[in-house]
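Engineer: File start_36.txt below, compact mmCIF, C-alpha atoms:
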# COMPACT_ATOMS: atom_id res chain seq x y z
CA MET A 1 78.66 114.32 118.03
CA GLN A 2 80.84 116.87 116.30
CA ARG A 3 84.35 115.76 115.47
CA ARG A 4 87.04 118.42 115.42
CA VAL A 5 89.90 118.30 112.94
CA PHE A 6 92.99 120.52 113.25
CA LEU A 7 95.19 121.70 110.38
CA ALA A 8 98.66 122.99 111.17
CA GLY A 9 98.80 126.75 110.83
CA MET A 10 95.04 127.13 110.47
CA PRO A 11 92.19 127.66 112.90
CA ALA A 12 90.40 124.53 114.09
CA LEU A 13 87.81 123.36 111.59
CA ALA A 14 84.73 121.46 112.66
CA LEU A 15 83.21 118.63 110.65
CA GLN A 16 79.84 117.12 111.51
CA ALA A 17 81.19 113.68 110.60
CA GLN A 18 83.98 112.06 108.68
CA PRO A 19 83.04 112.05 104.98
CA ALA A 20 81.70 108.92 103.29
CA GLY A 21 80.65 107.90 99.82
CA MET A 22 83.55 109.73 98.20
CA LYS A 23 85.25 109.21 94.87
CA LEU A 24 88.85 108.50 95.90
CA PHE A 25 92.06 109.30 94.03
CA LEU A 26 95.59 108.18 94.93
CA LEU A 27 98.31 110.77 94.26
CA ALA A 28 101.69 109.16 93.52
CA GLY A 29 105.10 109.99 92.10
CA GLN A 30 107.70 112.56 93.10
CA SER A 31 107.91 116.27 93.93
CA ASN A 32 105.85 117.70 91.10
CA MET A 33 102.94 115.56 92.26
CA ALA A 34 103.58 116.45 95.89
CA GLY A 35 103.68 120.10 94.81
CA ARG A 36 106.26 122.82 95.27
CA GLY A 37 104.29 125.85 94.06
CA VAL A 38 104.04 128.94 96.24
CA VAL A 39 100.93 128.86 98.43
CA THR A 40 98.43 131.69 97.92
CA PRO A 41 95.24 132.46 99.89
CA GLU A 42 93.26 130.83 97.07
CA ASP A 43 95.10 127.57 97.67
CA GLN A 44 94.06 127.49 101.32
CA ALA A 45 90.36 128.15 100.73
CA PRO A 46 88.43 124.88 101.22
CA ILE A 47 86.54 123.51 98.23
CA PRO A 48 83.13 122.20 99.32
CA GLY A 49 83.03 118.43 98.99
CA VAL A 50 86.80 117.93 98.53
CA PHE A 51 88.80 116.26 101.31
CA ALA A 52 92.34 114.95 101.78
CA LEU A 53 93.71 112.14 103.94
CA ASN A 54 96.29 113.77 106.18
CA LYS A 55 99.45 112.33 107.73
CA GLU A 56 97.46 111.04 110.71
CA MET A 57 95.05 109.18 108.38
CA ALA A 58 92.17 111.57 109.10
CA TRP A 59 90.01 113.29 106.50
CA VAL A 60 90.39 117.07 106.45
CA PRO A 61 89.38 119.80 103.99
CA ALA A 62 91.74 119.61 101.00
CA VAL A 63 93.80 122.77 101.29
CA ASP A 64 97.41 123.13 100.16
CA PRO A 65 99.81 121.79 101.07
CA ILE A 66 97.98 118.48 100.69
CA HIS A 67 101.23 116.51 100.78
CA PHE A 68 103.61 116.27 103.73
CA ASP A 69 106.50 114.37 102.16
CA LYS A 70 108.96 117.14 103.01
CA PRO A 71 108.78 120.49 104.83
CA ILE A 72 108.85 122.27 101.45
CA ALA A 73 105.62 120.62 100.27
CA ALA A 74 103.31 123.34 98.95
CA VAL A 75 100.85 123.82 96.09
CA GLY A 76 100.21 120.79 93.90
CA LEU A 77 97.85 119.92 91.07
CA ALA A 78 95.30 117.87 93.03
CA ARG A 79 92.92 120.66 94.03
CA SER A 80 92.49 121.98 90.50
CA PHE A 81 92.03 118.38 89.34
CA ALA A 82 89.20 117.93 91.84
CA ARG A 83 87.68 121.31 90.99
CA THR A 84 87.60 120.33 87.30
CA LEU A 85 85.76 117.09 88.05
CA LEU A 86 83.21 118.91 90.19
CA ARG A 87 82.36 121.19 87.28
CA PHE A 88 80.82 118.13 85.61
CA ALA A 89 79.33 116.52 88.73
CA PRO A 90 78.94 119.11 91.49
CA GLN A 91 77.04 116.67 93.69
CA GLN A 92 80.03 114.38 94.09
CA LYS A 93 82.41 114.28 97.04
CA ILE A 94 86.10 113.73 96.28
CA GLY A 95 88.79 112.26 98.53
CA LEU A 96 92.45 112.90 97.71
CA VAL A 97 94.99 110.42 99.10
CA PRO A 98 98.50 111.93 98.99
CA ALA A 99 101.37 109.44 98.73
CA ALA A 100 104.00 111.11 96.51
CA MET A 101 107.60 111.52 97.67
CA GLY A 102 109.91 114.23 96.40
CA GLY A 103 113.07 112.99 94.70
CA SER A 104 111.86 109.40 94.38
CA SER A 105 112.91 107.25 91.46
CA LEU A 106 110.67 104.74 89.71
CA ASP A 107 112.63 101.86 91.26
CA GLU A 108 111.72 103.18 94.70
CA TRP A 109 108.07 102.52 93.78
CA LYS A 110 108.62 98.81 93.13
CA PRO A 111 106.07 96.48 94.74
CA GLY A 112 107.34 95.56 98.17
CA GLY A 113 109.36 98.75 98.52
CA ALA A 114 108.71 101.39 101.14
CA LEU A 115 106.90 103.90 98.91
CA PHE A 116 104.68 101.30 97.27
CA THR A 117 103.85 99.79 100.64
CA GLN A 118 103.09 103.16 102.20
CA ALA A 119 100.85 104.13 99.30
CA VAL A 120 98.89 100.89 99.64
CA GLN A 121 98.56 101.38 103.40
CA ARG A 122 97.21 104.88 102.93
CA ALA A 123 94.85 103.72 100.19
CA LYS A 124 93.46 100.96 102.39
CA ALA A 125 93.01 103.40 105.25
CA ALA A 126 91.05 105.67 102.88
CA ALA A 127 88.94 102.93 101.30
CA PRO A 128 86.12 102.80 103.89
CA ALA A 129 85.25 106.40 102.99
CA GLY A 130 84.43 105.65 99.37
CA THR A 131 85.50 103.97 96.13
CA PHE A 132 88.82 104.38 94.33
CA CYS A 133 88.21 105.92 90.93
CA GLY A 134 91.74 106.69 89.77
CA ILE A 135 95.45 107.20 90.29
CA LEU A 136 97.29 110.41 89.41
CA TRP A 137 100.98 109.87 88.61
CA HIS A 138 103.77 112.34 87.96
CA GLN A 139 107.32 111.04 88.14
CA GLY A 140 110.38 110.70 85.93
CA GLU A 141 112.76 113.54 86.71
CA ALA A 142 114.78 111.18 88.92
CA ASP A 143 115.05 108.70 86.02
CA SER A 144 116.09 111.22 83.38
CA GLY A 145 119.75 111.40 84.33
CA LYS A 146 120.77 107.95 83.09
CA GLU A 147 120.04 106.46 79.68
CA GLU A 148 119.39 102.93 80.95
CA LEU A 149 116.77 104.19 83.39
CA ALA A 150 115.06 106.38 80.81
CA ARG A 151 114.93 103.69 78.13
CA SER A 152 113.57 101.06 80.52
CA TYR A 153 110.88 103.31 81.99
CA THR A 154 107.87 101.60 80.40
CA SER A 155 109.07 98.07 81.18
CA ARG A 156 109.42 99.04 84.85
CA TRP A 157 106.32 101.24 85.14
CA VAL A 158 103.73 98.84 83.71
CA PRO A 159 104.26 95.97 86.21
CA MET A 160 104.47 98.44 89.10
CA MET A 161 101.20 100.09 88.12
CA ASN A 162 99.51 96.74 87.49
CA ALA A 163 100.49 95.70 91.02
CA LEU A 164 99.24 98.97 92.48
CA ARG A 165 95.92 98.68 90.67
CA GLY A 166 95.63 95.14 91.96
CA GLU A 167 96.15 96.30 95.54
CA LEU A 168 93.38 98.86 95.03
CA GLY A 169 91.08 96.12 93.79
CA SER A 170 90.68 97.19 90.17
CA PRO A 171 92.96 95.92 87.35
CA GLU A 172 91.69 98.66 85.04
CA LEU A 173 91.55 101.55 87.49
CA PRO A 174 92.03 104.74 85.42
CA VAL A 175 95.52 106.24 85.63
CA VAL A 176 96.54 109.72 84.49
CA VAL A 177 100.23 110.45 83.91
CA GLY A 178 101.84 113.82 83.18
CA GLN A 179 104.68 114.97 80.98
CA LEU A 180 107.85 116.23 82.64
CA GLY A 181 108.42 119.97 82.47
CA GLU A 182 109.76 121.34 79.20
CA PHE A 183 112.10 123.49 81.31
CA LEU A 184 114.26 120.63 82.64
CA LYS A 185 117.92 121.42 81.99
CA THR A 186 119.81 119.12 79.67
CA GLU A 187 122.90 118.97 81.87
CA SER A 188 121.02 117.53 84.85
CA SER A 189 118.32 115.63 82.96
CA PRO A 190 119.85 114.68 79.61
CA TYR A 191 117.30 111.91 78.98
CA ALA A 192 114.15 113.79 79.98
CA GLY A 193 113.02 113.64 76.37
CA VAL A 194 113.32 109.86 76.39
CA VAL A 195 111.32 109.61 79.62
CA ASN A 196 108.67 111.86 78.10
CA GLU A 197 108.45 109.62 75.05
CA HIS A 198 107.82 106.67 77.34
CA LEU A 199 105.23 108.56 79.38
CA ALA A 200 103.40 109.61 76.20
CA GLN A 201 103.27 106.00 75.00
CA LEU A 202 101.99 104.48 78.25
CA PRO A 203 98.37 104.64 76.99
CA LEU A 204 99.49 102.24 74.24
CA ARG A 205 101.13 99.85 76.72
CA ALA A 206 98.44 99.63 79.40
CA ARG A 207 94.67 99.95 79.41
CA LYS A 208 92.83 102.91 80.89
CA VAL A 209 95.86 105.24 80.96
CA ALA A 210 95.82 108.87 79.82
CA PHE A 211 98.78 111.16 79.15
CA VAL A 212 98.73 114.89 79.92
CA SER A 213 100.93 117.42 78.13
CA SER A 214 102.83 120.03 80.14
CA ALA A 215 103.34 122.22 77.06
CA GLY A 216 103.69 125.89 77.90
CA LEU A 217 103.77 125.46 81.68
CA LYS A 218 106.47 127.40 83.50
CA ASP A 219 108.85 126.49 86.32
CA LYS A 220 109.12 128.31 89.63
CA GLY A 221 112.64 129.50 88.78
CA ASP A 222 114.55 126.31 89.62
CA SER A 223 114.19 124.52 86.25
CA VAL A 224 112.69 121.53 88.07
CA HIS A 225 109.33 122.34 89.63
CA PHE A 226 106.18 123.78 88.06
CA ASP A 227 105.08 127.15 89.43
CA THR A 228 101.72 127.73 91.10
CA ALA A 229 99.92 128.87 87.96
CA GLY A 230 101.37 125.94 86.04
CA LEU A 231 100.19 123.45 88.65
CA HIS A 232 96.69 124.93 88.62
CA GLU A 233 96.58 124.47 84.84
CA PHE A 234 98.21 121.04 84.99
CA GLY A 235 95.55 119.87 87.44
CA ARG A 236 92.84 121.11 85.07
CA ARG A 237 94.44 119.14 82.25
CA TYR A 238 94.66 116.05 84.47
CA GLY A 239 90.96 116.43 85.23
CA LEU A 240 89.96 116.65 81.59
CA ALA A 241 92.16 113.68 80.73
CA TYR A 242 90.56 111.66 83.51
CA LEU A 243 87.07 112.52 82.25
CA GLY A 244 88.11 111.12 78.90
CA LEU A 245 88.88 107.78 80.58
CA ASP A 246 85.80 107.60 82.79
CA ALA A 247 82.74 108.08 80.62
CA GLY A 248 80.51 107.35 83.61
CA TRP A 249 81.83 110.13 85.86
CA GLY A 250 79.05 111.78 87.82
Please express what this file holds, its structure, as structure tokens.
Structural biologist:
Amino acid sequence: MQRRVFLAGMPALALQAQPAGMKLFLLAGQSNMAGRGVVTPEDQAPIPGVFALNKEMAWVPAVDPIHFDKPIAAVGLARSFARTLLRFAPQQKIGLVPAAMGGSSLDEWKPGGALFTQAVQRAKAAAPAGTFCGILWHQGEADSGKEELARSYTSRWVPMMNALRGELGSPELPVVVGQLGEFLKTESSPYAGVVNEHLAQLPLRARKVAFVSSAGLKDKGDSVHFDTAGLHEFGRRYGLAYLGLDAGWG
């Protein structure tokens, strides 16, 4: 029996069945993972074989906005990440599990906290449809305003991520983390450079972690969020970094 799935603002889309056997990826962090790029027609064209878990815990075609953390959620990096992976294994099906929250600090992702708990709940709801193959993380802007938060980033991130991997059933689940934008203003984010140093060194502090540079990517005019073109490129870089961690992809 055909199951109908509805996307807000789009015509009803029909799926023959809910997808199964997917490679699943959890999307976590704050607004630059949730995505704030301007939506274009390209961003709302379904990619065959790529699905997203929506707010109602149903699988739908992965079109932007994939996240729903705030009404301003828009284009993110997840679709271009998935598209990059499919270049190397076009037969695969990919499931994106959005869980990022704009404005969230690292401490708000502590095990037992609301964001950590929600991410785990969404991951467990997604799990019957496939196997978790990775976590995409972009966060740190909220921790770049105070020196003590910036300098303790690694010591707080590693146990949080270990706990999250444990909840997803894989202590060495690949994790890809991204650099904060080079455009962050010093007056509002004076320790962004320190946070970026910590992010860049996470592969040395935990196994199966890759770091992605944001060099050359532009903001959308607010000195905080990557623009649409930047997010498309960032997602491509995330995809290539992930492929470097998972030699068995495809």
Engineer: Could you name the residues that touch Gly145 (chain A) at 7 Å or less, counting all atoms listed in the file, but leaving out those on the same chain fewer than 5 positions away, as a PyMOL selection string?
Structural biologist: chain A and resi 188-191
Engineer: Find the residues near Ala100 (chain A): any atom within 8 Å, counting all atoms listed in the file, skip ones fewer than 2 places away on the same chain, and give them as a PyMOL selection string.
Structural biologist: chain A and resi 27-31+33-34+67+69+98+102
Engineer: How would you write as a PyMOL selection string the residues that get within 8 Å of (102.5, 118.6, 100.7) in the file's frame, counting all atoms listed in the file?
Structural biologist: chain A and resi 34-36+64-76+98
Engineer: Of the candidates A:Asn54, A:Thr154, A:Ser170, A:Thr84, which shows the shortest atom-to-atom distance to Ala200 (chain A), using all atoms listed in the file?
Structural biologist: A:Thr154
Engineer: Under the rule that all atoms listed in the file are counted, which of A:Val195, A:Ala52, A:Ala89, A:Met161 is the nearest residue to Leu173 (chain A)?
Structural biologist: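 Nearest candidate to Leu173 (chain A) out of A:Val195, A:Ala52, A:Ala89, A:Met161: A:Met161.
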Engineer: Within 6 Å of (97.4, 121.1, 89.6), in the coordinates the file gives, what residues turn up when you count only C-alpha atoms, written out as a PyMOL selection string?
Structural biologist: chain A and resi 76-78+80+231-235
Engineer: Fewer than 3 positions away in the same chain doesn't count, so skip those; otherwise give me all residues within 12 Å of Gly221 (chain A), counting all atoms listed in the file, as a PyMOL selection string.
Structural biologist: chain A and resi 36-38+183-185+218+224-228
Engineer: Rounded to one decimal in Å, what is the spacing between CA of Trp249 (chain A) and CA of Ala126 (chain A)?
Structural biologist: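 One can read the CA of Trp249 (chain A) to CA of Ala126 (chain A) distance as 19.9 Å.
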Engineer: Please measure the separation of CA of Leu199 (chain A) and CA of Glu147 (chain A), giving the value in Å to one decimal.
Structural biologist: 15.0 Å
Engineer: I need the residue nearest Leu240 (chain A) from this list: A:Phe116, A:Phe51, A:Phe88, A:Trp137. Use only C-alpha atoms for the distance.
Structural biologist: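 Of the candidates, the smallest distance to Leu240 (chain A) is held by A:Phe88.
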Engineer: Can you work out the spacing between CA of Lys110 (chain A) and CA of Tyr242 (chain A) in Å, to one decimal?
Structural biologist: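 According to the coordinates, CA of Lys110 (chain A) and CA of Tyr242 (chain A) are separated by 24.2 Å.
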Engineer: Just the residues within 9 Å of Pro19 (chain A), please, counting all atoms listed in the file, with nothing from its chain fewer than 6 positions along; format it as a PDB file with C-alpha atoms, in the coordinates of the input.
Structural biologist:
ATOM      1  CA  GLY A  49      83.030 118.430  98.990  1.00  0.00           C
ATOM      2  CA  PHE A  51      88.800 116.260 101.310  1.00  0.00           C
ATOM      3  CA  TRP A  59      90.010 113.290 106.500  1.00  0.00           C
ATOM      4  CA  LYS A  93      82.410 114.280  97.040  1.00  0.00           C
ATOM      5  CA  GLY A  95      88.790 112.260  98.530  1.00  0.00           C
ATOM      6  CA  ALA A 129      85.250 106.400 102.990  1.00  0.00           C
ATOM      7  CA  GLY A 130      84.430 105.650  99.370  1.00  0.00           C
TER       8      GLY A 130
END
Engineer: Rank A:Arg237, A:Arg205, A:Arg156, A:Lys146 by their smallest atom-to-atom distance to Gln179 (chain A), using all atoms listed in the file, and report the top residue only.
Structural biologist: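 Using all atoms listed in the file, the shortest distance to Gln179 (chain A) belongs to A:Arg237.
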Engineer: Which residues, written as an mmCIF file with C-alpha atoms, keeping the file's coordinate frame, have at least one atom at most 8 Å from Tyr153 (chain A), with all atoms listed in the file counted and residues fewer than 4 positions away on the same chain left out?
Structural biologist:
data_model
loop_
_atom_site.group_PDB
_atom_site.id
_atom_site.type_symbol
_atom_site.label_atom_id
_atom_site.label_comp_id
_atom_site.auth_asym_id
_atom_site.auth_seq_id
_atom_site.Cartn_x
_atom_site.Cartn_y
_atom_site.Cartn_z
ATOM 1 C CA LEU A 106 110.670 104.740 89.710
ATOM 2 C CA ASP A 143 115.050 108.700 86.020
ATOM 3 C CA LEU A 149 116.770 104.190 83.390
ATOM 4 C CA TRP A 157 106.320 101.240 85.140
ATOM 5 C CA VAL A 195 111.320 109.610 79.620
ATOM 6 C CA HIS A 198 107.820 106.670 77.340
#
Engineer: Between A:Arg79, A:Arg122, A:Gly103, A:Leu85, which one has atoms that come closest to Leu53 (chain A), using only C-alpha atoms?
Structural biologist: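 The answer is A:Arg122, which sits nearest to Leu53 (chain A).
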Engineer: For N, CA and C atoms, please extract region 148-164 of chain A from the block and return it as a PDB file, in the first residue's frame.
Structural biologist:
ATOM      1  N   GLU A 148      37.538  30.709  29.139  1.00  0.00           N
ATOM      2  CA  GLU A 148      37.501  29.429  29.853  1.00  0.00           C
ATOM      3  C   GLU A 148      36.736  28.365  29.070  1.00  0.00           C
ATOM      4  N   LEU A 149      35.714  28.797  28.331  1.00  0.00           N
ATOM      5  CA  LEU A 149      34.965  27.838  27.519  1.00  0.00           C
ATOM      6  C   LEU A 149      35.798  27.392  26.316  1.00  0.00           C
ATOM      7  N   ALA A 150      36.460  28.333  25.683  1.00  0.00           N
ATOM      8  CA  ALA A 150      37.272  28.004  24.510  1.00  0.00           C
ATOM      9  C   ALA A 150      38.414  27.064  24.867  1.00  0.00           C
ATOM     10  N   ARG A 151      39.102  27.351  25.977  1.00  0.00           N
ATOM     11  CA  ARG A 151      40.280  26.559  26.325  1.00  0.00           C
ATOM     12  C   ARG A 151      39.930  25.195  26.920  1.00  0.00           C
ATOM     13  N   SER A 152      38.693  24.999  27.294  1.00  0.00           N
ATOM     14  CA  SER A 152      38.285  23.694  27.833  1.00  0.00           C
ATOM     15  C   SER A 152      37.478  22.889  26.816  1.00  0.00           C
ATOM     16  N   TYR A 153      37.469  23.341  25.569  1.00  0.00           N
ATOM     17  CA  TYR A 153      36.585  22.729  24.572  1.00  0.00           C
ATOM     18  C   TYR A 153      36.862  21.227  24.417  1.00  0.00           C
ATOM     19  N   THR A 154      38.105  20.860  24.211  1.00  0.00           N
ATOM     20  CA  THR A 154      38.436  19.452  23.992  1.00  0.00           C
ATOM     21  C   THR A 154      38.059  18.592  25.186  1.00  0.00           C
ATOM     22  N   SER A 155      38.368  19.067  26.381  1.00  0.00           N
ATOM     23  CA  SER A 155      38.108  18.261  27.588  1.00  0.00           C
ATOM     24  C   SER A 155      36.620  18.072  27.831  1.00  0.00           C
ATOM     25  N   ARG A 156      35.794  18.930  27.260  1.00  0.00           N
ATOM     26  CA  ARG A 156      34.340  18.769  27.379  1.00  0.00           C
ATOM     27  C   ARG A 156      33.759  17.995  26.200  1.00  0.00           C
ATOM     28  N   TRP A 157      34.352  18.182  25.008  1.00  0.00           N
ATOM     29  CA  TRP A 157      33.812  17.550  23.805  1.00  0.00           C
ATOM     30  C   TRP A 157      34.056  16.045  23.788  1.00  0.00           C
ATOM     31  N   VAL A 158      35.256  15.617  24.155  1.00  0.00           N
ATOM     32  CA  VAL A 158      35.598  14.195  24.035  1.00  0.00           C
ATOM     33  C   VAL A 158      34.665  13.304  24.846  1.00  0.00           C
ATOM     34  N   PRO A 159      34.416  13.565  26.144  1.00  0.00           N
ATOM     35  CA  PRO A 159      33.485  12.693  26.876  1.00  0.00           C
ATOM     36  C   PRO A 159      32.061  12.762  26.349  1.00  0.00           C
ATOM     37  N   MET A 160      31.634  13.945  25.892  1.00  0.00           N
ATOM     38  CA  MET A 160      30.296  14.050  25.310  1.00  0.00           C
ATOM     39  C   MET A 160      30.178  13.170  24.076  1.00  0.00           C
ATOM     40  N   MET A 161      31.177  13.261  23.175  1.00  0.00           N
ATOM     41  CA  MET A 161      31.108  12.487  21.947  1.00  0.00           C
ATOM     42  C   MET A 161      31.266  10.994  22.224  1.00  0.00           C
ATOM     43  N   ASN A 162      32.094  10.630  23.181  1.00  0.00           N
ATOM     44  CA  ASN A 162      32.203   9.216  23.547  1.00  0.00           C
ATOM     45  C   ASN A 162      30.855   8.673  24.017  1.00  0.00           C
ATOM     46  N   ALA A 163      30.141   9.485  24.810  1.00  0.00           N
ATOM     47  CA  ALA A 163      28.829   9.057  25.296  1.00  0.00           C
ATOM     48  C   ALA A 163      27.829   8.944  24.149  1.00  0.00           C
ATOM     49  N   LEU A 164      27.890   9.881  23.215  1.00  0.00           N
ATOM     50  CA  LEU A 164      26.966   9.849  22.083  1.00  0.00           C
ATOM     51  C   LEU A 164      27.245   8.642  21.190  1.00  0.00           C
TER      52      LEU A 164
END
